[in-house]
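K.L.:
Here it is, the structure in full.
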Amino acid sequence: MAGERRQLINVAYRLLGSLAESEDAVQEAYARWYALPRSRQDEIVSPGAWLTTVTGRICLDVLGSARARRERYVGAWLPDPLPDHAEWDHGHATAPADPADQVVLDESVTMAFLVVLESMTPAERVAFVLHDVFRYRYAEIAGILDRTPAACKQLAAAARRRVRVERAPVTAAGRADAVRQVKEAWEARDIAALVDLLDPAAVMTADGGGMAGTALRPIEGGARIAQYMVAIADRTPGLQLLERSVNGAPGLVARRAGTVLTVASFDVVDGRVTRIWAVRNPEKLRPWGRNG
């Protein structure tokens, strides 16, 4: 049974975008399994499939209440950023119990992708993630959503249209080059260079959760973002910028005196940065803290 945990964490994180909520959902699914009478457990042909179904239903309930909770959240809410611990720990194994270490870093967990998932209805998100990412059959998804397989197929198709409209493909090398240039211009406090690297209609969204100082509303426009970035650097002496993988894509980590203060993700189109997502909420940076 323990072998299923990694798969469940991966499903839950893509559905919820929160490590803490994902861990809670998986633990609740296991609690329900162990609460079953032994005779009922023996009747279940595939415990893994049962756990996935239960985890999916729990995540669906969480997603249903998430909108109201996030309306009370201070400032913008962003998904939890995930580190690639091989970059920090020089390949040494880390505690296997940490849910951050269980998530497979691929295109389905990039910040750009997760933000698009946030725009979907709970049912669309569940149908799309389980079918398109994890290759579950619509008949299996129907048991989670309590809808017909045909209805689940329609939900996934509607979600897929959002992804196609909002996502713009870019090579890993192209994104890494753009992020590196942003880092260099930021370190040099070069507003003009930053403006050149940012799309004129770029948007920067920051998540401080009321626990770290940051802009409460998205900053729009390349020029305004460049000025804001330089102002931050001026106000934070000793700030160190590191090129690191964030959710499996090139990003930047800002730290001071060994403490990670900000983790930034980028979306790049035609060589220019179109979106920046900066997470500063210390609760969301816990997986990064042990690497300071």
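Labels for the structure tokens follow display order: chains A, B, ..., residues from 1 in each chain, ligands from 1.
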Tell me which protein, DNA and RNA residues are within 10 Å of Ala249 of chain A, counting only C-alpha atoms, leaving out same-chain ones fewer than 5 positions away, and put them as a VMD selection string.
P.N.:
chain A and resid 82 to 84 105 to 107 109 to 112 172 175 to 176 244 265 to 267
K.L.:
Restricted to N, CA, C and O atoms, what would the selected residues look like written as an mmCIF file, in the first residue's frame?
P.N.:
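Dumped to result_21.cif:
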```
data_model
loop_
_atom_site.group_PDB
_atom_site.id
_atom_site.type_symbol
_atom_site.label_atom_id
_atom_site.label_comp_id
_atom_site.auth_asym_id
_atom_site.auth_seq_id
_atom_site.Cartn_x
_atom_site.Cartn_y
_atom_site.Cartn_z
ATOM 1 N N LEU A 82 8.059 24.003 -6.385
ATOM 2 C CA LEU A 82 8.790 22.790 -6.013
ATOM 3 C C LEU A 82 10.242 22.856 -6.469
ATOM 4 O O LEU A 82 10.523 23.206 -7.614
ATOM 5 N N PRO A 83 11.188 22.503 -5.596
ATOM 6 C CA PRO A 83 12.600 22.479 -5.972
ATOM 7 C C PRO A 83 12.994 21.142 -6.584
ATOM 8 O O PRO A 83 12.305 20.128 -6.393
ATOM 9 N N ASP A 84 14.073 21.156 -7.336
ATOM 10 C CA ASP A 84 14.731 19.924 -7.768
ATOM 11 C C ASP A 84 15.886 19.724 -6.789
ATOM 12 O O ASP A 84 16.904 20.395 -6.867
ATOM 13 N N LEU A 105 8.730 15.972 -11.524
ATOM 14 C CA LEU A 105 8.787 17.305 -12.128
ATOM 15 C C LEU A 105 8.755 17.177 -13.654
ATOM 16 O O LEU A 105 9.740 16.813 -14.276
ATOM 17 N N ASP A 106 7.612 17.476 -14.237
ATOM 18 C CA ASP A 106 7.487 17.439 -15.687
ATOM 19 C C ASP A 106 6.611 18.608 -16.140
ATOM 20 O O ASP A 106 6.291 19.498 -15.358
ATOM 21 N N GLU A 107 6.213 18.607 -17.411
ATOM 22 C CA GLU A 107 5.454 19.741 -17.948
ATOM 23 C C GLU A 107 4.113 19.955 -17.252
ATOM 24 O O GLU A 107 3.548 21.046 -17.298
ATOM 25 N N VAL A 109 3.562 20.091 -14.133
ATOM 26 C CA VAL A 109 3.660 20.807 -12.857
ATOM 27 C C VAL A 109 4.359 22.154 -13.005
ATOM 28 O O VAL A 109 4.665 22.794 -12.007
ATOM 29 N N THR A 110 4.623 22.598 -14.231
ATOM 30 C CA THR A 110 5.198 23.936 -14.380
ATOM 31 C C THR A 110 4.202 24.951 -13.832
ATOM 32 O O THR A 110 2.987 24.727 -13.844
ATOM 33 N N MET A 111 4.706 26.075 -13.352
ATOM 34 C CA MET A 111 3.825 27.085 -12.778
ATOM 35 C C MET A 111 2.812 27.577 -13.810
ATOM 36 O O MET A 111 1.634 27.786 -13.486
ATOM 37 N N ALA A 112 3.261 27.738 -15.050
ATOM 38 C CA ALA A 112 2.352 28.191 -16.102
ATOM 39 C C ALA A 112 1.187 27.225 -16.267
ATOM 40 O O ALA A 112 0.028 27.635 -16.404
ATOM 41 N N ALA A 172 13.241 24.464 -23.603
ATOM 42 C CA ALA A 172 13.872 24.624 -22.289
ATOM 43 C C ALA A 172 15.084 25.538 -22.392
ATOM 44 O O ALA A 172 15.320 26.373 -21.513
ATOM 45 N N ARG A 175 13.932 29.179 -22.630
ATOM 46 C CA ARG A 175 13.476 29.698 -21.335
ATOM 47 C C ARG A 175 14.664 29.940 -20.415
ATOM 48 O O ARG A 175 14.735 30.959 -19.726
ATOM 49 N N ALA A 176 15.607 29.005 -20.393
ATOM 50 C CA ALA A 176 16.776 29.150 -19.518
ATOM 51 C C ALA A 176 17.599 30.368 -19.902
ATOM 52 O O ALA A 176 18.092 31.097 -19.031
ATOM 53 N N ARG A 244 17.821 28.235 -10.644
ATOM 54 C CA ARG A 244 17.414 26.927 -10.152
ATOM 55 C C ARG A 244 16.148 26.458 -10.870
ATOM 56 O O ARG A 244 15.353 27.268 -11.337
ATOM 57 N N SER A 265 9.047 31.937 -10.931
ATOM 58 C CA SER A 265 8.844 31.163 -12.158
ATOM 59 C C SER A 265 8.568 32.120 -13.301
ATOM 60 O O SER A 265 8.050 33.234 -13.087
ATOM 61 N N PHE A 266 8.880 31.680 -14.520
ATOM 62 C CA PHE A 266 8.746 32.553 -15.680
ATOM 63 C C PHE A 266 8.051 31.836 -16.829
ATOM 64 O O PHE A 266 8.209 30.629 -17.016
ATOM 65 N N ASP A 267 7.281 32.606 -17.591
ATOM 66 C CA ASP A 267 6.770 32.114 -18.862
ATOM 67 C C ASP A 267 7.399 32.977 -19.950
ATOM 68 O O ASP A 267 7.490 34.211 -19.799
#
```
K.L.:
Identify which of the residues A:Ala25, A:Val104, A:Ala173, A:Leu63 lies closest to Asn247 of chain A, counting only C-alpha atoms when measuring atom-to-atom distances.
P.N.:
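Closest to Asn247 of chain A of all the choices is A:Val104.
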K.L.:
Of the candidates A:Met120, A:Ile141, A:Ala127, A:Val230, which shows the shortest atom-to-atom distance to Trp50 of chain A, using only C-alpha atoms?
P.N.:
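For Trp50 of chain A, the nearest of the given residues is A:Ile141.
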K.L.:
Here is a test: counting only C-alpha atoms, which residue of A:Arg280, A:Arg286, A:Arg6, A:Arg256 is nearest to Gly75 of chain A?
P.N.:
A:Arg280
